[in-house]
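As provided, structure_23.txt (compact mmCIF, C-alpha atoms) reads as follows.
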# COMPACT_ATOMS: atom_id res chain seq x y z
CA MET X 28 230.59 -58.95 -27.84
CA GLU X 29 228.36 -55.99 -26.96
CA LYS X 30 224.57 -56.15 -27.31
CA ILE X 31 222.99 -53.17 -29.10
CA ALA X 32 219.28 -52.45 -29.17
CA ILE X 33 218.06 -51.22 -32.55
CA ILE X 34 214.61 -49.69 -32.19
CA GLY X 35 212.91 -49.87 -35.56
CA GLY X 36 213.36 -52.48 -38.28
CA GLY X 37 213.06 -50.32 -41.37
CA ILE X 38 215.89 -50.09 -43.87
CA ALA X 39 217.97 -47.96 -41.48
CA GLY X 40 217.69 -50.48 -38.66
CA MET X 41 218.34 -53.39 -41.02
CA GLU X 42 221.46 -51.86 -42.57
CA ALA X 43 222.84 -50.78 -39.19
CA ALA X 44 222.25 -54.27 -37.75
CA ARG X 45 224.00 -55.85 -40.72
CA ARG X 46 227.05 -53.61 -40.31
CA LEU X 47 227.21 -54.01 -36.52
CA LEU X 48 227.11 -57.78 -36.93
CA GLN X 49 230.08 -57.56 -39.30
CA LEU X 50 231.93 -55.45 -36.70
CA GLY X 51 231.56 -58.21 -34.11
CA HIS X 52 228.62 -56.90 -32.06
CA GLU X 53 225.25 -58.42 -31.14
CA PRO X 54 222.49 -56.25 -32.61
CA VAL X 55 218.89 -56.87 -31.54
CA ILE X 56 216.12 -55.36 -33.68
CA VAL X 57 212.90 -54.33 -31.94
CA GLU X 58 210.15 -53.95 -34.54
CA LYS X 59 206.55 -52.95 -33.74
CA SER X 60 205.04 -54.48 -36.91
CA ASP X 61 205.12 -58.06 -38.21
CA HIS X 62 207.78 -57.45 -40.87
CA LEU X 63 211.07 -55.70 -41.58
CA GLY X 64 211.61 -52.96 -44.13
CA GLY X 65 209.27 -50.27 -42.83
CA HIS X 66 207.60 -48.10 -45.47
CA VAL X 67 209.99 -49.28 -48.16
CA ALA X 68 208.65 -52.83 -47.83
CA GLY X 69 205.33 -51.53 -49.15
CA TRP X 70 206.78 -49.52 -52.04
CA TYR X 71 207.08 -50.66 -55.63
CA LYS X 72 210.12 -48.98 -57.22
CA LEU X 73 212.72 -46.48 -56.03
CA PHE X 74 213.77 -43.36 -57.91
CA PRO X 75 215.78 -42.41 -59.89
CA ASP X 76 216.99 -45.83 -61.11
CA MET X 77 213.60 -47.54 -60.65
CA MET X 78 215.15 -50.27 -58.52
CA SER X 79 212.69 -52.73 -57.01
CA ALA X 80 211.98 -51.79 -53.38
CA ARG X 81 211.39 -55.44 -52.58
CA GLU X 82 214.82 -56.29 -53.96
CA LEU X 83 216.46 -53.75 -51.64
CA VAL X 84 214.66 -55.12 -48.57
CA GLU X 85 215.58 -58.68 -49.55
CA GLN X 86 219.25 -57.71 -49.95
CA LEU X 87 219.29 -56.14 -46.49
CA ALA X 88 217.47 -59.09 -44.94
CA ALA X 89 219.99 -61.52 -46.43
CA GLY X 90 222.68 -60.02 -44.20
CA LEU X 91 220.76 -60.45 -40.94
CA ASP X 92 221.48 -64.12 -40.31
CA GLY X 93 222.34 -64.28 -36.61
CA VAL X 94 220.52 -61.05 -35.69
CA THR X 95 217.74 -61.40 -33.12
CA VAL X 96 214.51 -59.72 -34.24
CA TYR X 97 211.50 -59.17 -31.99
CA TYR X 98 208.37 -58.56 -34.05
CA ARG X 99 205.15 -56.91 -32.81
CA THR X 100 207.21 -55.53 -29.95
CA ARG X 101 207.65 -52.06 -28.50
CA VAL X 102 209.96 -50.51 -25.95
CA ALA X 103 208.09 -50.34 -22.65
CA ASN X 104 210.83 -48.54 -20.73
CA MET X 105 214.48 -47.63 -21.07
CA ASN X 106 216.91 -46.50 -18.38
CA ARG X 107 220.58 -45.69 -18.06
CA LEU X 108 222.33 -48.57 -16.30
CA GLY X 109 226.02 -48.15 -15.58
CA SER X 110 227.74 -47.34 -18.86
CA GLY X 111 224.90 -48.83 -20.90
CA TYR X 112 221.10 -49.12 -20.96
CA SER X 113 218.43 -51.42 -19.66
CA VAL X 114 215.72 -51.75 -22.32
CA MET X 115 212.47 -53.38 -21.20
CA LEU X 116 210.34 -54.66 -24.08
CA SER X 117 206.59 -55.12 -24.27
CA ASN X 118 207.11 -58.91 -24.61
CA GLY X 119 208.77 -59.05 -21.18
CA VAL X 120 212.36 -59.32 -22.44
CA ASN X 121 214.90 -57.08 -20.71
CA LEU X 122 217.92 -56.18 -22.86
CA GLN X 123 221.17 -55.07 -21.22
CA CYS X 124 222.81 -53.01 -23.97
CA GLY X 125 226.03 -51.13 -24.41
CA ALA X 126 224.31 -48.71 -26.79
CA VAL X 127 220.94 -47.99 -28.37
CA LEU X 128 220.20 -47.03 -31.97
CA ILE X 129 216.90 -45.26 -32.61
CA SER X 130 215.74 -45.82 -36.18
CA THR X 131 212.00 -45.38 -35.81
CA GLY X 132 211.50 -43.73 -39.20
CA PHE X 133 208.48 -41.58 -39.98
CA ARG X 134 204.73 -41.60 -40.46
CA LEU X 135 202.74 -40.19 -43.35
CA PHE X 136 200.49 -37.18 -42.96
CA ASP X 137 196.82 -38.16 -42.71
CA ALA X 138 195.46 -36.76 -45.98
CA SER X 139 191.89 -36.73 -44.64
CA ARG X 140 192.91 -33.74 -42.50
CA LYS X 141 193.02 -31.68 -45.70
CA GLU X 142 189.27 -31.80 -46.16
CA GLU X 143 189.36 -29.66 -49.30
CA TYR X 144 190.97 -32.56 -51.21
CA GLY X 145 188.25 -35.11 -50.42
CA TYR X 146 190.39 -38.03 -49.27
CA GLY X 147 188.09 -40.58 -47.66
CA VAL X 148 185.08 -38.79 -49.19
CA TYR X 149 185.44 -39.20 -52.94
CA ASP X 150 186.00 -42.65 -54.41
CA HIS X 151 188.86 -41.80 -56.75
CA VAL X 152 191.07 -39.76 -54.41
CA VAL X 153 194.08 -41.73 -53.12
CA THR X 154 197.44 -41.01 -51.51
CA ASN X 155 200.94 -41.68 -52.78
CA SER X 156 201.11 -44.64 -50.40
CA ASP X 157 197.84 -46.09 -51.74
CA LEU X 158 199.03 -45.78 -55.32
CA GLU X 159 202.45 -47.26 -54.52
CA ALA X 160 200.81 -50.32 -52.99
CA TRP X 161 198.57 -50.68 -56.05
CA LEU X 162 201.54 -50.41 -58.41
CA GLY X 163 203.12 -53.24 -56.43
CA GLY X 164 200.12 -55.48 -56.99
CA ALA X 165 197.80 -54.74 -54.06
CA PRO X 166 194.12 -54.42 -55.04
CA ASP X 167 192.42 -51.06 -54.65
CA TYR X 168 188.91 -50.37 -55.86
CA ARG X 169 189.63 -46.64 -56.03
CA ILE X 170 192.05 -46.99 -58.98
CA PRO X 171 190.00 -46.82 -62.22
CA ASP X 172 190.52 -49.54 -64.80
CA ASN X 173 191.39 -47.24 -67.67
CA PRO X 174 191.79 -43.62 -66.55
CA ALA X 175 191.83 -40.93 -69.23
CA SER X 176 193.28 -38.33 -66.84
CA VAL X 177 195.30 -38.56 -63.61
CA ALA X 178 196.26 -35.59 -61.41
CA PHE X 179 198.91 -35.41 -58.70
CA VAL X 180 198.89 -32.77 -55.94
CA HIS X 181 202.24 -32.11 -54.27
CA CYS X 182 202.91 -30.96 -50.69
CA VAL X 183 199.84 -32.40 -48.96
CA GLY X 184 200.51 -31.81 -45.27
CA SER X 185 204.06 -30.57 -45.78
CA ARG X 186 205.25 -26.97 -46.24
CA ASP X 187 201.85 -26.19 -44.74
CA LEU X 188 201.56 -23.97 -41.68
CA LYS X 189 197.85 -24.71 -41.31
CA ALA X 190 198.63 -28.42 -41.07
CA GLY X 191 201.31 -27.70 -38.47
CA ASN X 192 204.17 -28.90 -40.67
CA PRO X 193 206.16 -26.12 -42.36
CA GLN X 194 208.99 -28.49 -43.35
CA CYS X 195 209.62 -29.89 -46.83
CA SER X 196 209.24 -33.67 -47.01
CA LYS X 197 212.09 -33.84 -49.53
CA VAL X 198 210.93 -36.95 -51.40
CA CYS X 199 207.41 -35.95 -52.50
CA CYS X 200 208.37 -34.15 -55.73
CA MET X 201 210.40 -37.09 -57.00
CA THR X 202 207.83 -39.62 -55.84
CA ALA X 203 205.13 -37.76 -57.76
CA ILE X 204 207.28 -37.67 -60.91
CA LYS X 205 208.10 -41.38 -60.54
CA GLN X 206 204.48 -42.36 -60.06
CA ALA X 207 203.36 -40.08 -62.91
CA ILE X 208 205.78 -41.86 -65.25
CA GLU X 209 204.59 -45.26 -64.02
CA MET X 210 200.94 -44.34 -64.62
CA LYS X 211 201.78 -43.03 -68.10
CA GLU X 212 203.54 -46.30 -68.91
CA LYS X 213 200.53 -48.29 -67.70
CA PHE X 214 197.99 -46.02 -69.42
CA PRO X 215 199.69 -44.42 -72.46
CA GLN X 216 196.48 -42.70 -73.56
CA ALA X 217 196.03 -40.88 -70.22
CA ASP X 218 196.82 -37.22 -69.61
CA ILE X 219 198.96 -36.90 -66.48
CA TRP X 220 199.08 -33.64 -64.51
CA CYS X 221 201.28 -32.56 -61.60
CA PHE X 222 200.28 -29.52 -59.51
CA TYR X 223 203.25 -28.25 -57.50
CA MET X 224 204.35 -25.29 -55.37
CA ASP X 225 207.90 -25.47 -56.66
CA LEU X 226 209.95 -28.50 -57.62
CA ARG X 227 212.80 -29.46 -55.30
CA LEU X 228 215.01 -31.88 -57.20
CA PHE X 229 218.38 -31.86 -55.48
CA GLY X 230 219.74 -35.40 -55.89
CA LYS X 231 221.91 -37.10 -58.47
CA LYS X 232 219.95 -37.71 -61.70
CA TYR X 233 216.82 -36.09 -60.24
CA GLU X 234 216.74 -33.25 -62.75
CA ASP X 235 217.25 -35.73 -65.60
CA PHE X 236 214.28 -37.70 -64.27
CA TYR X 237 212.09 -34.58 -64.33
CA ILE X 238 213.17 -33.63 -67.87
CA ALA X 239 212.45 -37.15 -69.08
CA ALA X 240 208.96 -36.98 -67.54
CA GLN X 241 208.16 -33.98 -69.74
CA ARG X 242 210.14 -34.86 -72.86
CA ASP X 243 209.59 -38.62 -73.09
CA HIS X 244 206.25 -39.06 -71.35
CA GLY X 245 204.42 -35.81 -71.99
CA ILE X 246 203.52 -35.20 -68.34
CA HIS X 247 202.05 -31.75 -67.66
CA PHE X 248 203.41 -29.66 -64.78
CA VAL X 249 201.36 -26.77 -63.39
CA ARG X 250 202.84 -24.45 -60.78
CA GLY X 251 200.01 -23.70 -58.39
CA ARG X 252 198.28 -25.13 -55.35
CA VAL X 253 194.93 -26.86 -55.81
CA SER X 254 192.33 -24.89 -53.86
CA GLU X 255 189.22 -27.04 -54.22
CA VAL X 256 188.26 -30.59 -55.14
CA SER X 257 184.76 -31.85 -55.85
CA GLU X 258 183.07 -34.76 -57.61
CA ASP X 259 180.84 -34.51 -60.68
CA ILE X 260 177.76 -36.56 -61.48
CA ASP X 261 179.84 -39.18 -63.28
CA GLY X 262 182.13 -39.71 -60.31
CA ARG X 263 185.08 -37.85 -61.82
CA VAL X 264 187.18 -35.60 -59.61
CA VAL X 265 187.04 -31.88 -60.44
CA LEU X 266 190.03 -29.74 -59.41
CA LYS X 267 190.25 -25.97 -59.23
CA ALA X 268 193.66 -24.31 -59.08
CA GLU X 269 195.63 -21.35 -60.37
CA ASP X 270 198.54 -21.54 -62.76
CA THR X 271 200.76 -19.01 -61.02
CA LEU X 272 203.21 -18.86 -63.92
CA ALA X 273 200.54 -18.06 -66.49
CA GLY X 274 198.38 -16.13 -64.02
CA THR X 275 195.25 -18.01 -65.11
CA PRO X 276 192.71 -20.18 -63.29
CA VAL X 277 192.71 -23.92 -64.01
CA LYS X 278 189.77 -26.31 -63.86
CA LEU X 279 190.45 -29.95 -64.56
CA SER X 280 188.40 -33.14 -64.47
CA ALA X 281 190.36 -36.29 -63.62
CA ASP X 282 189.53 -39.95 -63.23
CA LEU X 283 192.04 -40.25 -60.40
CA LEU X 284 193.54 -37.75 -57.95
CA VAL X 285 196.74 -38.69 -56.09
CA LEU X 286 197.69 -36.72 -52.97
CA MET X 287 201.38 -36.62 -52.10
CA SER X 288 201.19 -36.99 -48.32
CA GLY X 289 204.20 -35.55 -46.48
CA MET X 290 206.45 -37.15 -43.89
CA LEU X 291 206.00 -36.48 -40.18
CA CYS X 292 207.88 -37.68 -37.12
CA ASN X 293 206.79 -41.02 -35.72
CA GLU X 294 204.81 -40.85 -32.51
CA ASP X 295 207.14 -43.50 -31.04
CA THR X 296 210.00 -41.04 -31.40
CA GLN X 297 208.48 -38.70 -28.83
CA SER X 298 207.95 -41.38 -26.18
CA LEU X 299 211.46 -42.77 -26.65
CA ALA X 300 212.92 -39.29 -26.30
CA ARG X 301 211.14 -38.84 -22.97
CA MET X 302 212.45 -42.17 -21.67
CA VAL X 303 216.11 -41.22 -22.12
CA ARG X 304 215.73 -37.42 -21.94
CA ALA X 305 216.93 -37.02 -25.53
CA ASP X 306 216.35 -33.68 -27.23
CA VAL X 307 213.54 -33.25 -29.73
CA ASP X 308 213.70 -30.60 -32.44
CA SER X 309 211.10 -27.95 -33.24
CA ASP X 310 209.71 -30.12 -36.06
CA GLY X 311 209.08 -33.02 -33.67
CA PHE X 312 211.92 -35.18 -34.98
CA MET X 313 214.88 -36.23 -32.83
CA ARG X 314 217.56 -33.56 -32.48
CA SER X 315 221.11 -34.55 -33.43
CA ARG X 316 224.09 -33.15 -31.54
CA ASP X 317 224.53 -30.96 -34.60
CA ASN X 318 223.30 -30.99 -38.18
CA ILE X 319 226.72 -31.12 -39.82
CA TYR X 320 229.30 -33.29 -38.08
CA ARG X 321 227.48 -35.44 -35.48
CA ILE X 322 224.10 -36.11 -37.06
CA ASN X 323 224.01 -39.73 -35.82
CA GLU X 324 224.61 -38.78 -32.18
CA SER X 325 222.12 -37.62 -29.55
CA ASN X 326 222.76 -35.42 -26.54
CA ARG X 327 222.83 -38.57 -24.38
CA PRO X 328 225.84 -40.93 -24.19
CA GLY X 329 225.23 -44.24 -25.94
CA ILE X 330 222.07 -43.13 -27.77
CA PHE X 331 222.46 -42.92 -31.55
CA PHE X 332 220.20 -42.13 -34.51
CA ALA X 333 219.84 -43.34 -38.09
CA GLY X 334 217.38 -42.48 -40.83
CA ALA X 335 214.18 -40.49 -40.73
CA CYS X 336 213.84 -40.31 -36.93
CA THR X 337 215.84 -37.05 -37.18
CA GLY X 338 214.10 -35.66 -40.28
CA THR X 339 212.91 -36.46 -43.77
CA LYS X 340 215.36 -38.60 -45.74
CA THR X 341 215.74 -40.27 -49.11
CA VAL X 342 216.57 -43.97 -49.30
CA PRO X 343 220.28 -43.37 -50.13
CA GLU X 344 220.59 -40.91 -47.23
CA THR X 345 218.94 -43.39 -44.88
CA VAL X 346 221.22 -46.27 -45.84
CA GLY X 347 224.29 -44.02 -45.63
CA GLU X 348 223.33 -42.79 -42.17
CA ALA X 349 222.78 -46.36 -40.99
CA ARG X 350 226.31 -47.32 -42.03
CA ALA X 351 227.75 -44.24 -40.35
CA ALA X 352 225.76 -44.88 -37.17
CA ALA X 353 227.05 -48.46 -36.99
CA LEU X 354 230.62 -47.21 -37.17
CA ASP X 355 229.92 -44.48 -34.58
CA ILE X 356 228.52 -47.10 -32.20
CA HIS X 357 231.49 -49.39 -32.79
CA ASN X 358 233.92 -46.57 -32.01
CA TYR X 359 231.92 -45.57 -28.93
CA LEU X 360 231.96 -49.08 -27.52
CA SER X 361 235.65 -49.43 -28.38
CA GLY X 362 236.49 -46.25 -26.48
CA ASN X 363 237.50 -44.46 -29.66
CA ASP X 364 234.75 -41.83 -29.62

Show me, as structure tokens, the structure contained in the file I just sent.
Amino acid sequence: MEKIAIIGGGIAGMEAARRLLQLGHEPVIVEKSDHLGGHVAGWYKLFPDMMSARELVEQLAAGLDGVTVYYRTRVANMNRLGSGYSVMLSNGVNLQCGAVLISTGFRLFDASRKEEYGYGVYDHVVTNSDLEAWLGGAPDYRIPDNPASVAFVHCVGSRDLKAGNPQCSKVCCMTAIKQAIEMKEKFPQADIWCFYMDLRLFGKKYEDFYIAAQRDHGIHFVRGRVSEVSEDIDGRVVLKAEDTLAGTPVKLSADLLVLMSGMLCNEDTQSLARMVRADVDSDGFMRSRDNIYRINESNRPGIFFAGACTGTKTVPETVGEARAAALDIHNYLSGND
């Protein structure tokens, strides 16, 4: 039985650990927070089927009986040792592993860096993460009791050269549409607006989801980037933008503004890469051996990837990569690489 260090206990790390356990290995999850599930553990529902995020995390956790999990723990150092790796943890434990899976996920762009949107300045400006937590039952004083108008701004900190992140975050368009539908269902009288650069809806049933948002829920979509946000005397948020399809300026007052913060590489990813001399891509994420055939493999023997440590991913992509990575590790340790 080979021990495998899994760095990161989000859904990628959980699914990989579950599969490796089934294959007869000894996975050990190293998680820096006090819970498993990563960002998904704090989400409400998952598009396009509106599955409960909590239900997914619970399903994955149910398959981890027998898996060692170290919470509130980080990797202090990691070195090649023989054919495997010595992984020293911040809690003093030293793991001797045949392979290492990096599944450190992502971090969200800090919306306060986009000062023109007023996050952290105006009371009723929140992020997608804030709203998702509120939809799941967490209290938030910034969500009005009965909003008459809600606006969503796409691509906050992604596809943005000034913010240093030219990449698309892939999930923001669908997350905005999902949350817009959820707000319309909670507040049927509210006008819901989405301001977007262009909609990128590539997945199965994604286009149907978008059409339903317009047809069944009456959500308004405006192609154009919001240029300025201010607050009026009544505490409402005032947006200025341009409808680039109509070629006309737009001024809108909203009771709530939701900023769709983009996905960035986790800072832990960079330090881990330095420890094992793994390649990092131009976007800051881990670099796979290639982007077609060996996406779960690094340039270093015995170091594997799963999930958003190599780039922005949807939940289905993340779970699929975790399963593939578990099989890749199994084959590697079995000498069938």

Go ahead and compute the interatomic distance for CA of Thr337 (chain X) and CA of Lys189 (chain X), in Å to one decimal.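 Pair CA of Thr337 (chain X) / CA of Lys189 (chain X) returns 22.2 Å.
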
Would you compute the distance between CA of Trp70 (chain X) and CA of Thr339 (chain X)? Give it in Å to one decimal.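 Going from CA of Trp70 (chain X) over to CA of Thr339 (chain X) covers 16.6 Å.
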
Mind checking which residues fall within 9 Å of Leu284 (chain X), counting only C-alpha atoms, ignoring those fewer than 5 positions away in the same chain, and posting them as a tab-separated table (two decimals) with C-alpha atoms, in the coordinates of the input?
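Now in result19.tsv:
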chain	number	residue	atom	x	y	z
X	144	TYR	CA	190.97	-32.56	-51.21
X	151	HIS	CA	188.86	-41.80	-56.75
X	152	VAL	CA	191.07	-39.76	-54.41
X	153	VAL	CA	194.08	-41.73	-53.12
X	154	THR	CA	197.44	-41.01	-51.51
X	176	SER	CA	193.28	-38.33	-66.84
X	177	VAL	CA	195.30	-38.56	-63.61
X	178	ALA	CA	196.26	-35.59	-61.41
X	179	PHE	CA	198.91	-35.41	-58.70
X	180	VAL	CA	198.89	-32.77	-55.94
X	264	VAL	CA	187.18	-35.60	-59.61
X	266	LEU	CA	190.03	-29.74	-59.41

Nearest to Phe331 (chain X) among X:Ile31, X:Ala207, X:Gly184, X:Gly147, with distances taken over only C-alpha atoms: which residue is it? X:Ile31

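Note that the spacing between CA of Cys336 (chain X) and CA of Cys292 (chain X) amounts to 6.5 Å.
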
Using all atoms listed in the file, the best pick from X:Asn155, X:Thr202, X:Asn173, X:Ser288 as closest to Phe214 (chain X) would be X:Asn173

Distance query 10 Å from (220.1, -34.0, -33.3) using all atoms listed in the file, result as an mmCIF file with C-alpha atoms, in the coordinates of the input:
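The result, written out as selection_25.cif:
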data_model
loop_
_atom_site.group_PDB
_atom_site.id
_atom_site.type_symbol
_atom_site.label_atom_id
_atom_site.label_comp_id
_atom_site.auth_asym_id
_atom_site.auth_seq_id
_atom_site.Cartn_x
_atom_site.Cartn_y
_atom_site.Cartn_z
ATOM 1 C CA ALA X 305 216.930 -37.020 -25.530
ATOM 2 C CA ASP X 306 216.350 -33.680 -27.230
ATOM 3 C CA VAL X 307 213.540 -33.250 -29.730
ATOM 4 C CA ASP X 308 213.700 -30.600 -32.440
ATOM 5 C CA PHE X 312 211.920 -35.180 -34.980
ATOM 6 C CA MET X 313 214.880 -36.230 -32.830
ATOM 7 C CA ARG X 314 217.560 -33.560 -32.480
ATOM 8 C CA SER X 315 221.110 -34.550 -33.430
ATOM 9 C CA ARG X 316 224.090 -33.150 -31.540
ATOM 10 C CA ASP X 317 224.530 -30.960 -34.600
ATOM 11 C CA ASN X 318 223.300 -30.990 -38.180
ATOM 12 C CA ILE X 319 226.720 -31.120 -39.820
ATOM 13 C CA ARG X 321 227.480 -35.440 -35.480
ATOM 14 C CA ILE X 322 224.100 -36.110 -37.060
ATOM 15 C CA ASN X 323 224.010 -39.730 -35.820
ATOM 16 C CA GLU X 324 224.610 -38.780 -32.180
ATOM 17 C CA SER X 325 222.120 -37.620 -29.550
ATOM 18 C CA ASN X 326 222.760 -35.420 -26.540
ATOM 19 C CA PHE X 331 222.460 -42.920 -31.550
ATOM 20 C CA PHE X 332 220.200 -42.130 -34.510
ATOM 21 C CA CYS X 336 213.840 -40.310 -36.930
ATOM 22 C CA THR X 337 215.840 -37.050 -37.180
ATOM 23 C CA GLY X 338 214.100 -35.660 -40.280
#

Among the residues X:Leu91, X:Ile38, X:Leu228, X:Val346, the one that comes closest to Ala68 (chain X) [using all atoms listed in the file]: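 Under the stated criterion, the closest residue is X:Ile38.
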
Return the single residue from X:Leu128, X:Gln86, X:Arg250, X:Val94 that is closest to Arg350 (chain X), with distances computed using all atoms listed in the file.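 Of the candidates, the smallest distance to Arg350 (chain X) is held by X:Leu128.
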
Could you pull the residues within 9 Å of Gly347 (chain X), counting only C-alpha atoms, minus those fewer than 6 positions along the same chain, as a PyMOL selection string? chain X and resi 39+42+333-334

Counting all atoms listed in the file, which residues have an atom no more than 12 Å from (206.7, -56.4, -40.3) in the file's coordinates? Please list them as a PyMOL selection string. chain X and resi 35-38+56-69+84+96-100
